[in-house]
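Okay, model25.txt is below, compact mmCIF, C-alpha atoms and all ligand atoms:
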# COMPACT_ATOMS: atom_id res chain seq x y z
CA MET A 1 129.58 117.07 76.35
CA TYR A 2 128.12 120.13 78.00
CA GLU A 3 130.21 123.22 78.57
CA TYR A 4 130.78 122.71 82.32
CA GLN A 5 132.15 119.22 81.59
CA ILE A 6 134.84 120.47 79.20
CA ASN A 7 136.81 122.55 81.76
CA ASN A 8 134.94 121.73 84.98
CA SER A 9 133.98 125.41 84.88
CA PHE A 10 131.25 126.99 87.00
CA PHE A 11 129.97 130.39 88.04
CA ALA A 12 129.12 131.24 91.64
CA GLN A 13 126.60 134.01 92.16
CA VAL A 14 127.52 135.91 95.33
CA PRO A 15 125.93 138.67 97.43
CA GLY A 16 126.98 142.25 96.61
CA MET A 17 130.34 143.39 97.97
CA MET A 18 131.26 139.86 98.99
CA GLU A 19 133.08 138.80 95.82
CA THR A 20 136.58 138.58 97.34
CA LEU A 21 135.39 136.92 100.54
CA CYS A 22 133.53 134.33 98.48
CA GLU A 23 136.53 133.73 96.25
CA GLU A 24 138.58 132.97 99.38
CA GLU A 25 135.93 130.57 100.61
CA LEU A 26 135.62 128.85 97.23
CA LYS A 27 139.38 128.21 97.18
CA GLU A 28 139.24 126.74 100.68
CA LEU A 29 136.53 124.37 99.50
CA GLY A 30 138.55 123.12 96.55
CA ALA A 31 137.83 125.54 93.70
CA VAL A 32 140.75 126.40 91.40
CA ASN A 33 141.45 129.01 88.71
CA THR A 34 139.04 131.45 90.34
CA LYS A 35 138.23 134.79 88.75
CA VAL A 36 136.18 137.48 90.42
CA ALA A 37 133.40 139.16 88.41
CA TYR A 38 130.62 141.56 89.36
CA ARG A 39 128.47 139.72 91.92
CA GLY A 40 130.10 136.45 91.01
CA VAL A 41 133.17 134.27 90.82
CA TYR A 42 134.17 132.01 87.90
CA PHE A 43 135.94 128.87 89.05
CA GLU A 44 136.82 125.31 88.18
CA ALA A 45 136.01 122.34 90.36
CA ASP A 46 135.88 118.56 90.15
CA PRO A 47 132.62 116.86 91.18
CA THR A 48 133.76 116.41 94.81
CA ALA A 49 134.61 120.10 95.14
CA LEU A 50 131.36 121.10 93.43
CA TYR A 51 129.30 119.03 95.89
CA ARG A 52 131.39 120.29 98.85
CA ILE A 53 130.89 123.92 97.78
CA ASN A 54 127.13 123.48 97.52
CA TYR A 55 126.88 121.61 100.81
CA THR A 56 129.13 123.74 102.99
CA SER A 57 129.62 127.22 101.54
CA ARG A 58 128.35 129.81 104.01
CA MET A 59 128.59 132.88 101.79
CA ILE A 60 127.81 132.16 98.14
CA SER A 61 124.24 132.31 96.80
CA ARG A 62 124.26 129.65 94.07
CA VAL A 63 126.50 127.79 91.64
CA LEU A 64 125.62 127.65 87.94
CA ALA A 65 126.88 124.94 85.58
CA PRO A 66 126.99 126.39 82.02
CA LEU A 67 125.52 124.04 79.44
CA LEU A 68 125.60 126.12 76.28
CA THR A 69 126.87 129.59 75.25
CA PHE A 70 125.72 131.04 71.92
CA GLN A 71 125.03 134.19 69.92
CA CYS A 72 121.40 135.08 70.63
CA PRO A 73 120.06 138.17 68.84
CA ASN A 74 116.41 137.02 68.95
CA THR A 75 114.04 134.62 70.70
CA ASN A 76 113.70 132.30 67.67
CA ILE A 77 117.39 131.50 67.96
CA LEU A 78 116.99 131.12 71.73
CA ILE A 79 114.23 128.52 71.31
CA LYS A 80 115.96 126.66 68.46
CA THR A 81 119.32 126.51 70.25
CA ALA A 82 117.79 125.43 73.55
CA GLU A 83 116.50 122.36 71.71
CA LYS A 84 120.10 121.23 71.19
CA ILE A 85 120.27 120.41 74.91
CA ARG A 86 119.04 116.89 75.60
CA TRP A 87 116.87 117.96 78.50
CA GLU A 88 115.81 114.42 79.32
CA GLU A 89 119.41 113.83 80.44
CA PHE A 90 118.78 116.34 83.24
CA PHE A 91 115.23 115.63 84.38
CA SER A 92 112.15 113.67 83.52
CA VAL A 93 108.58 114.78 82.84
CA ASP A 94 107.51 113.98 86.41
CA LYS A 95 109.82 116.71 87.78
CA THR A 96 108.93 120.39 87.93
CA PHE A 97 111.19 123.17 86.65
CA ALA A 98 111.63 126.94 86.68
CA ILE A 99 113.66 129.42 84.68
CA THR A 100 115.39 132.51 86.04
CA ALA A 101 116.61 134.96 83.44
CA SER A 102 118.64 138.15 83.26
CA VAL A 103 119.35 140.29 80.22
CA ALA A 104 121.81 143.15 79.72
CA LYS A 105 122.80 145.31 76.73
CA SER A 106 121.07 142.93 74.29
CA GLN A 107 118.46 142.98 71.56
CA ILE A 108 116.36 140.67 73.73
CA ASN A 109 115.70 143.16 76.48
CA ASN A 110 112.87 141.62 78.49
CA SER A 111 114.05 138.95 80.91
CA LEU A 112 110.53 137.71 81.68
CA TYR A 113 109.75 137.22 78.00
CA ALA A 114 113.13 135.54 77.45
CA SER A 115 112.43 133.10 80.30
CA GLN A 116 108.96 132.33 78.87
CA CYS A 117 110.48 131.58 75.46
CA LEU A 118 113.05 129.23 76.98
CA LYS A 119 110.32 127.59 79.08
CA ASP A 120 108.20 127.02 75.95
CA GLY A 121 111.26 125.67 74.11
CA ILE A 122 111.94 123.13 76.86
CA ALA A 123 108.26 122.16 77.07
CA ASP A 124 108.11 121.62 73.28
CA TYR A 125 111.29 119.58 73.40
CA PHE A 126 109.80 117.24 76.01
CA ARG A 127 106.52 116.95 74.08
CA LYS A 128 108.52 115.73 71.08
CA VAL A 129 110.57 113.14 72.96
CA SER A 130 107.95 112.04 75.52
CA ASN A 131 104.79 111.34 73.50
CA GLY A 132 103.27 114.74 74.02
CA ILE A 133 103.96 114.88 77.76
CA ARG A 134 105.84 117.84 79.28
CA PRO A 135 107.05 118.63 82.79
CA ASP A 136 105.16 121.23 84.81
CA VAL A 137 106.54 124.61 85.74
CA ASN A 138 106.71 125.45 89.44
CA THR A 139 108.07 128.91 90.12
CA VAL A 140 107.98 128.59 93.91
CA ASN A 141 109.58 125.26 94.71
CA PRO A 142 110.74 123.54 91.53
CA ASP A 143 112.84 120.38 91.46
CA VAL A 144 115.13 121.84 88.78
CA ARG A 145 116.16 125.44 88.17
CA ILE A 146 117.54 126.60 84.85
CA ASN A 147 119.31 129.92 84.46
CA LEU A 148 119.43 132.06 81.33
CA HIS A 149 121.79 135.00 81.11
CA ILE A 150 121.99 137.15 77.97
CA GLU A 151 124.62 139.84 77.77
CA LYS A 152 125.62 141.72 74.60
CA ASP A 153 123.54 139.21 72.59
CA VAL A 154 125.47 136.24 73.97
CA ALA A 155 123.29 133.79 75.87
CA VAL A 156 124.39 131.26 78.48
CA ILE A 157 122.00 128.51 79.53
CA SER A 158 123.04 126.95 82.84
CA LEU A 159 121.73 124.40 85.28
CA ASP A 160 121.57 125.80 88.80
CA THR A 161 123.55 123.20 90.76
CA SER A 162 122.39 124.59 94.11
CA GLY A 163 118.64 124.54 93.57
CA GLU A 164 117.12 126.93 96.05
CA SER A 165 119.41 129.87 96.88
CA LEU A 166 122.09 128.80 99.34
CA HIS A 167 121.32 131.64 101.74
CA LYS A 168 118.27 129.55 102.65
CA ARG A 169 119.57 127.16 105.26
CA GLY A 170 116.23 125.75 106.29
CA TYR A 171 116.38 126.87 109.93
CA ARG A 172 114.59 130.18 109.52
CA LEU A 173 110.88 129.59 109.12
CA LEU A 174 110.05 132.79 110.98
CA ALA A 175 111.80 136.11 110.50
CA GLY A 176 111.86 139.29 112.53
CA GLU A 177 111.10 142.75 111.18
CA ALA A 178 114.53 143.31 109.66
CA PRO A 179 116.23 139.94 109.49
CA MET A 180 119.81 139.72 108.38
CA GLN A 181 120.58 137.59 105.36
CA GLU A 182 122.22 134.32 106.43
CA THR A 183 125.13 134.77 103.99
CA LEU A 184 125.80 138.24 105.44
CA ALA A 185 125.73 136.95 109.03
CA ALA A 186 128.19 134.22 108.02
CA ALA A 187 130.46 136.81 106.36
CA ILE A 188 130.41 138.94 109.51
CA ILE A 189 131.38 135.97 111.67
CA ARG A 190 134.23 135.20 109.31
CA LEU A 191 135.39 138.83 109.28
CA SER A 192 135.30 138.92 113.10
CA LYS A 193 137.82 136.04 113.13
CA TRP A 194 135.94 134.64 116.15
CA ASP A 195 137.36 131.19 116.74
CA GLY A 196 135.43 129.96 119.77
CA GLN A 197 138.20 130.91 122.20
CA ASN A 198 136.02 133.51 123.91
CA PRO A 199 132.25 133.94 124.33
CA LEU A 200 130.21 135.43 121.52
CA TRP A 201 127.14 137.52 122.30
CA ASP A 202 124.55 139.19 120.07
CA CYS A 203 122.93 141.77 122.36
CA MET A 204 120.11 142.60 119.86
CA CYS A 205 119.70 139.18 118.32
CA GLY A 206 116.24 139.56 116.72
CA SER A 207 115.40 136.31 114.95
CA GLY A 208 118.83 134.92 115.82
CA THR A 209 120.53 134.78 112.41
CA ILE A 210 123.96 135.72 113.79
CA LEU A 211 123.54 133.12 116.56
CA CYS A 212 122.52 130.37 114.12
CA GLU A 213 125.46 131.13 111.82
CA ALA A 214 127.92 131.30 114.74
CA LEU A 215 126.61 127.95 115.99
CA MET A 216 126.95 126.36 112.55
CA TYR A 217 130.43 127.78 112.14
CA TYR A 218 131.70 126.66 115.55
CA CYS A 219 130.09 123.21 115.41
CA ARG A 220 131.18 122.72 111.76
CA ILE A 221 127.60 122.07 110.75
CA PRO A 222 127.47 122.10 106.94
CA ALA A 223 125.52 125.20 105.88
CA GLN A 224 123.03 122.97 103.99
CA LYS A 225 122.70 120.25 106.61
CA LEU A 226 118.91 120.66 106.48
CA ARG A 227 118.62 120.62 102.67
CA THR A 228 117.52 117.45 100.90
CA ASN A 229 117.35 118.54 97.24
CA PHE A 230 120.31 120.02 95.39
CA GLY A 231 120.42 121.05 91.74
CA PHE A 232 123.59 119.01 91.16
CA PHE A 233 121.51 115.83 91.66
CA TYR A 234 120.16 116.56 88.15
CA LEU A 235 123.51 116.84 86.35
CA PRO A 236 123.84 113.94 83.88
CA ASP A 237 127.18 112.98 85.45
CA PHE A 238 126.00 113.23 89.09
CA ASN A 239 127.88 110.61 91.10
CA LYS A 240 125.72 109.49 94.01
CA GLU A 241 128.48 107.49 95.64
CA ILE A 242 130.93 110.41 95.73
CA TRP A 243 128.16 112.63 97.14
CA GLU A 244 127.11 110.20 99.87
CA ASN A 245 130.69 109.54 100.97
CA LEU A 246 131.48 113.24 101.02
CA LYS A 247 128.34 114.06 102.99
CA ALA A 248 129.12 111.35 105.56
CA GLU A 249 132.68 112.64 105.92
CA LEU A 250 131.60 116.27 106.36
CA ASP A 251 128.81 115.34 108.80
CA SER A 252 131.27 113.32 110.91
CA LYS A 253 133.33 116.48 111.53
CA MET A 254 130.55 118.17 113.50
CA ARG A 255 131.32 118.93 117.15
CA SER A 256 129.21 120.02 120.09
CA LEU A 257 128.93 123.52 121.51
CA PRO A 258 130.16 124.29 125.05
CA LYS A 259 127.28 125.70 127.11
CA GLY A 260 127.22 129.48 127.13
CA LEU A 261 129.89 129.98 124.46
CA ILE A 262 127.21 131.60 122.28
CA SER A 263 124.47 133.74 123.74
CA GLY A 264 121.85 136.10 122.48
CA SER A 265 119.46 138.58 123.99
CA ASP A 266 116.84 141.00 122.78
CA LYS A 267 114.50 143.36 124.56
CA SER A 268 111.56 141.77 122.76
CA GLN A 269 110.18 138.52 124.18
CA LYS A 270 108.55 137.85 120.82
CA MET A 271 111.90 138.02 119.01
CA ILE A 272 113.50 135.69 121.55
CA GLU A 273 110.72 133.17 120.86
CA VAL A 274 111.45 133.47 117.12
CA ALA A 275 115.21 133.04 117.70
CA LYS A 276 114.50 129.99 119.86
CA ASP A 277 112.31 128.47 117.16
CA ASN A 278 114.93 129.06 114.44
CA LEU A 279 117.77 127.68 116.56
CA SER A 280 115.74 124.60 117.50
CA ARG A 281 116.21 123.19 113.96
CA LEU A 282 119.99 123.08 114.31
CA PRO A 283 122.01 120.45 116.16
CA PHE A 284 123.63 121.52 119.48
CA SER A 285 121.42 124.60 119.77
CA ASP A 286 120.37 123.64 123.32
CA SER A 287 123.70 125.06 124.44
CA VAL A 288 122.94 128.56 123.13
CA ASP A 289 121.81 130.87 125.96
CA LEU A 290 118.90 133.15 125.15
CA SER A 291 117.43 135.84 127.38
CA THR A 292 114.99 138.71 127.16
CA HIS A 293 116.25 142.09 128.31
CA PRO A 294 117.61 145.33 126.90
CA PHE A 295 121.42 145.25 126.63
CA GLN A 296 121.51 148.34 128.85
CA HIS A 297 120.54 146.08 131.79
CA VAL A 298 123.56 143.81 131.41
CA LYS A 299 126.21 144.35 134.09
CA GLN A 300 129.22 143.54 131.93
CA PHE A 301 130.49 141.52 128.99
CA GLU A 302 134.25 141.28 129.28
CA ASN A 303 136.87 139.46 127.20
CA GLY A 304 134.41 138.34 124.56
CA THR A 305 133.22 139.04 121.03
CA LEU A 306 130.11 141.17 120.63
CA ILE A 307 128.48 140.89 117.20
CA THR A 308 125.24 142.70 116.61
CA ASN A 309 122.97 144.39 114.14
CA PRO A 310 120.98 147.17 115.86
CA PRO A 311 117.73 148.55 114.40
CA TYR A 312 118.22 150.55 111.20
CA GLY A 313 115.89 153.40 112.17
CA ILE A 314 114.39 153.54 108.70
CA ARG A 315 110.79 153.98 109.79
CA MET A 316 109.41 157.50 110.10
CA GLY A 317 109.75 159.13 113.47
CA GLU A 318 112.04 156.43 114.77
CA PHE A 319 115.38 157.89 113.87
CA GLU A 320 116.08 160.00 116.94
CA ASP A 321 115.27 157.14 119.31
CA VAL A 322 117.52 154.82 117.36
CA GLN A 323 120.28 157.42 117.36
CA LYS A 324 120.06 157.50 121.17
CA LEU A 325 120.21 153.70 121.21
CA TYR A 326 123.49 153.75 119.24
CA THR A 327 125.00 156.26 121.68
CA GLU A 328 123.93 154.01 124.58
CA LEU A 329 125.51 151.04 122.80
CA GLY A 330 128.77 153.00 122.45
CA ASP A 331 128.66 153.91 126.15
CA PHE A 332 127.90 150.30 127.06
CA ILE A 333 130.90 149.03 125.06
CA LYS A 334 133.15 151.65 126.57
CA GLN A 335 132.08 151.16 130.18
CA LYS A 336 131.17 147.49 130.46
CA CYS A 337 133.03 145.56 127.78
CA LYS A 338 136.66 145.58 128.84
CA GLY A 339 138.70 143.23 126.68
CA THR A 340 135.79 142.70 124.26
CA THR A 341 135.95 143.38 120.54
CA ALA A 342 132.65 144.57 119.07
CA PHE A 343 131.39 144.20 115.51
CA ILE A 344 128.38 146.29 114.64
CA TYR A 345 126.56 146.17 111.30
CA THR A 346 124.70 149.36 110.52
CA GLY A 347 123.12 150.94 107.49
CA ASP A 348 123.35 154.63 108.27
CA PRO A 349 126.50 156.78 108.63
CA VAL A 350 124.77 159.12 111.10
CA LEU A 351 123.92 156.16 113.33
CA ARG A 352 127.48 154.87 113.09
CA LYS A 353 128.67 158.28 114.18
CA SER A 354 126.31 158.17 117.15
CA ILE A 355 128.19 155.18 118.60
CA GLY A 356 130.92 157.69 119.34
CA LEU A 357 133.85 155.27 119.52
CA LYS A 358 136.93 154.86 117.38
CA THR A 359 136.57 152.06 114.87
CA SER A 360 139.55 149.98 113.84
CA LYS A 361 137.99 148.53 110.70
CA ARG A 362 135.10 149.27 108.36
CA VAL A 363 133.85 146.83 105.77
CA PRO A 364 130.99 147.77 103.39
CA LEU A 365 128.52 144.90 103.02
CA VAL A 366 125.03 144.54 101.56
CA ASN A 367 121.99 143.19 103.39
CA GLY A 368 119.45 142.51 100.62
CA LYS A 369 118.91 145.97 99.15
CA LEU A 370 120.42 147.83 102.07
CA GLU A 371 124.01 148.97 101.87
CA GLY A 372 125.60 148.91 105.27
CA VAL A 373 128.98 148.86 106.94
CA LEU A 374 130.43 146.47 109.49
CA VAL A 375 132.48 148.43 112.01
CA GLN A 376 134.95 146.90 114.40
CA ILE A 377 135.52 148.51 117.78
CA ASP A 378 138.46 147.12 119.65
CA SER A 379 138.45 146.84 123.41
CA TYR A 380 137.90 150.36 124.53
CA GLU A 381 139.73 151.83 127.45
CA GLY A 382 140.30 155.50 128.12
CA SER A 383 138.19 158.55 127.62
CA LYS A 384 135.39 158.67 125.10
CA LYS A 385 136.42 160.47 121.95
CA ARG A 386 134.51 161.22 118.80
CA TYR A 387 136.61 160.86 115.73
CA TYR A 388 134.98 163.48 113.56
CA ALA A 389 137.69 163.46 110.93
CA GLU A 390 137.08 159.79 110.24
CA TYR A 391 133.30 160.22 110.05
CA LYS A 392 133.62 163.35 107.97
CA ALA A 393 135.77 161.46 105.46
CA GLU A 394 133.13 158.75 105.18
CA GLU A 395 130.32 161.28 104.81
CA GLU A 396 132.30 163.09 102.13
CA LEU A 397 132.77 159.80 100.28
CA LEU A 398 129.05 158.96 100.46
CA LYS A 399 128.15 162.46 99.27
CA LYS A 400 130.47 162.11 96.28
CA LYS A 401 129.02 158.68 95.52
CA SER A 402 125.41 159.91 95.60
CA GLU A 403 126.37 162.91 93.42
CA ALA A 404 128.02 160.56 90.96
CA ASP A 405 124.89 158.34 90.93
C1 LIG A 501 117.71 144.81 113.06
S1 LIG A 501 117.01 143.80 114.32
C2 LIG A 501 118.14 142.48 114.46
C3 LIG A 501 117.95 141.50 113.36
C4 LIG A 501 118.71 140.21 113.56
N1 LIG A 501 120.11 140.34 113.23
C5 LIG A 501 118.04 139.12 112.74
O1 LIG A 501 118.69 138.55 111.87
O2 LIG A 501 116.85 138.87 112.93
C6 LIG A 501 117.31 144.72 115.78
C7 LIG A 501 116.81 144.11 117.07
O3 LIG A 501 117.22 144.94 118.14
C8 LIG A 501 116.27 144.78 119.19
N2 LIG A 501 116.48 145.89 120.16
C9 LIG A 501 116.20 147.21 119.99
N3 LIG A 501 116.59 147.90 121.08
C10 LIG A 501 117.14 147.01 121.94
C11 LIG A 501 117.75 147.11 123.22
N4 LIG A 501 117.85 148.28 123.84
N5 LIG A 501 118.22 145.98 123.80
C12 LIG A 501 118.11 144.78 123.18
N6 LIG A 501 117.52 144.64 121.98
C13 LIG A 501 117.06 145.73 121.36
C14 LIG A 501 114.94 144.77 118.46
O4 LIG A 501 113.95 144.14 119.26
C15 LIG A 501 115.29 143.97 117.19
O5 LIG A 501 114.95 142.62 117.34

Show this structure as structure tokens.
Ligand SMILES: C[S@@+](CC[C@H](N)C(=O)[O-])C[C@H]1O[C@@H](n2cnc3c(N)ncnc32)[C@H](O)[C@@H]1O
Amino acid sequence: MYEYQINNSFFAQVPGMMETLCEEELKELGAVNTKVAYRGVYFEADPTALYRINYTSRMISRVLAPLLTFQCPNTNILIKTAEKIRWEEFFSVDKTFAITASVAKSQINNSLYASQCLKDGIADYFRKVSNGIRPDVNTVNPDVRINLHIEKDVAVISLDTSGESLHKRGYRLLAGEAPMQETLAAAIIRLSKWDGQNPLWDCMCGSGTILCEALMYYCRIPAQKLRTNFGFFYLPDFNKEIWENLKAELDSKMRSLPKGLISGSDKSQKMIEVAKDNLSRLPFSDSVDLSTHPFQHVKQFENGTLITNPPYGIRMGEFEDVQKLYTELGDFIKQKCKGTTAFIYTGDPVLRKSIGLKTSKRVPLVNGKLEGVLVQIDSYEGSKKRYYAEYKAEEELLKKKSEAD
């Protein structure tokens, strides 16, 4: 028996600052005995829940099934112990594989070298049991992914039950200049509590990630509807019948999108073409309205949900223009969005301040390497006020944090 089979225990890797959100989602999908860790959640799940989590989770990155945990002070022990796993129970020599490794506070302190040692160990194992034949390594698109984590000289070898990272949905072949990670867009939609009762608009939609995730959420399209290869297919106890029944059941719950419920616009025609291309891979996307214009040209957007991710203004010389854009967005929300709640994801406190409206909620979230904040602006009526105290407090906090770093 492998370790994951003893307690049905797994580890979900999750994007930074999304641990609690992901724990909530895992529980909804059938995980039990969850425990939040740094950038991850430990949980237990039966095979049905494991397949459901991989097929439908919108926020987690991958799920690892631990095979073996052992004391690992050096690479000889790593190679020798890895041979105890009967690798042919997981995959055959005609499949390709890849290793991802991480090391922390251990005598083995080079993750690349550790992954090469494990790779060699697995290759040698196959040579022994398969008449000198070994499976090939493919680091870009392998059939099977194996994860090695060594912390304080304790190694865990796991099979990645997701395969490719779950943020890859398969709809985004083209990206814009600063695309939002799919898992982050899904988290923002969840945090907005948008339930399809009012129209959703992304007024700076770029490559359309927020639109695609809103469409998938509303239409109950499983997040991995477009994926054909999952890592859990390679578990020795993979049950094809349970998987196929579950998939059919989840697919049957999909529903169509009312025309115009979701819309997106961008001032760039090129970005609208990219958004159109990405959306085209998803069912029901014909009902998403797309148009090319700056949001400043829109007459009004009342009683809806505005979710957007304006430019970050990171490039040299761009900042002042972007600052002006944020002020115009604030004015637009104040003057033309009666009854609308806005959710704006930004990376820079100065830009957030430039919006100039009171925020009712702030949630720190990470987009790749960028730390940003999702701000909620409730329907704004009344005179424009700048809440300096609130911004000052945030600036103070960031200053302290950077001093501490
Ligand atoms: C950070 S990107 C959005 C990325 C998007 N969330 C994605 O996943 O691809 C910001 C977008 O704002 C657009 N933009 C900038 N100023 C605009 C304006 N005044 N009106 C509409 N779109 C604008 C840019 O063309 C760009 O596509």

- Item | Counting only C-alpha atoms, the option among A:Leu235, A:Glu151, A:Pro310, A:Ile377 closest to Met1 of chain A |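 Nearest to Met1 of chain A: A:Leu235.
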
- Item | Counting all atoms listed in the file, the option among A:Leu200, A:Leu191, A:Val144, A:Ala31 closest to Lys95 of chain A |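 The shortest atom-to-atom distance to Lys95 of chain A comes from A:Val144.
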
- Within 7 Å of ligand LIG 501 (chain A), counting only C-alpha atoms and all ligand atoms, residues as JSON, numbers by chain: {"A": [175, 176, 177, 178, 179, 180, 181, 203, 204, 205, 206, 207, 208, 209, 210, 265, 266, 267, 268, 271, 293, 294, 295, 296, 308, 309, 310, 311, 312, 325]}

- Best match for closeness to Val93 of chain A among A:Ala45, A:Glu302, A:Arg58, A:Asp143, counting all atoms listed in the file: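 Counting all atoms listed in the file, the residue closest to Val93 of chain A is A:Asp143.
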
- Task: Kindly provide, as a PyMOL selection string, the polymer residues lying within 12 Å of (112.8, 128.4, 74.1), counting only C-alpha atoms and using the coordinates exactly as they appear in the file.
- Result: chain A and resi 72+74-85+99+113-126+146+148+155+157

Give me a file of those residues, with C-alpha atoms, as a JSON list (two decimals), in the coordinates of the input.
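For reference, part.json as written:
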[["chain", "number", "residue", "atom", "x", "y", "z"],
["A", 72, "CYS", "CA", 121.40, 135.08, 70.63],
["A", 74, "ASN", "CA", 116.41, 137.02, 68.95],
["A", 75, "THR", "CA", 114.04, 134.62, 70.70],
["A", 76, "ASN", "CA", 113.70, 132.30, 67.67],
["A", 77, "ILE", "CA", 117.39, 131.50, 67.96],
["A", 78, "LEU", "CA", 116.99, 131.12, 71.73],
["A", 79, "ILE", "CA", 114.23, 128.52, 71.31],
["A", 80, "LYS", "CA", 115.96, 126.66, 68.46],
["A", 81, "THR", "CA", 119.32, 126.51, 70.25],
["A", 82, "ALA", "CA", 117.79, 125.43, 73.55],
["A", 83, "GLU", "CA", 116.50, 122.36, 71.71],
["A", 84, "LYS", "CA", 120.10, 121.23, 71.19],
["A", 85, "ILE", "CA", 120.27, 120.41, 74.91],
["A", 99, "ILE", "CA", 113.66, 129.42, 84.68],
["A", 113, "TYR", "CA", 109.75, 137.22, 78.00],
["A", 114, "ALA", "CA", 113.13, 135.54, 77.45],
["A", 115, "SER", "CA", 112.43, 133.10, 80.30],
["A", 116, "GLN", "CA", 108.96, 132.33, 78.87],
["A", 117, "CYS", "CA", 110.48, 131.58, 75.46],
["A", 118, "LEU", "CA", 113.05, 129.23, 76.98],
["A", 119, "LYS", "CA", 110.32, 127.59, 79.08],
["A", 120, "ASP", "CA", 108.20, 127.02, 75.95],
["A", 121, "GLY", "CA", 111.26, 125.67, 74.11],
["A", 122, "ILE", "CA", 111.94, 123.13, 76.86],
["A", 123, "ALA", "CA", 108.26, 122.16, 77.07],
["A", 124, "ASP", "CA", 108.11, 121.62, 73.28],
["A", 125, "TYR", "CA", 111.29, 119.58, 73.40],
["A", 126, "PHE", "CA", 109.80, 117.24, 76.01],
["A", 146, "ILE", "CA", 117.54, 126.60, 84.85],
["A", 148, "LEU", "CA", 119.43, 132.06, 81.33],
["A", 155, "ALA", "CA", 123.29, 133.79, 75.87],
["A", 157, "ILE", "CA", 122.00, 128.51, 79.53]]

- Query: Quick one: distance from atom CA of His167 of chain A to atom CA of Asp136 of chain A in Å, one decimal?
  - Reply: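 Separation of atom CA of His167 of chain A and atom CA of Asp136 of chain A: 25.6 Å.
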
- Task: Would you work out the distance separating atom CA of Lys276 of chain A from atom CA of Cys337 of chain A, expressed in Å to one decimal?
- Result: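 Atom CA of Cys337 of chain A lies 25.5 Å from atom CA of Lys276 of chain A.
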
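Taking atom CA of Met216 of chain A and atom CA of Gly170 of chain A as endpoints, the distance between them is 12.4 Å.
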
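Of the listed residues A:Ala49, A:Ile6, A:Cys212, A:Val137, the one whose atoms come nearest to Leu68 of chain A is A:Ile6, with distances taken using all atoms listed in the file.
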
- Message: From the options A:Gln224, A:Gln13, A:Asn138, A:Ser57, which residue's atoms come nearest to Ala186 of chain A, counting all atoms listed in the file?
- Response: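 That would be A:Ser57, the residue with the smallest distance to Ala186 of chain A.
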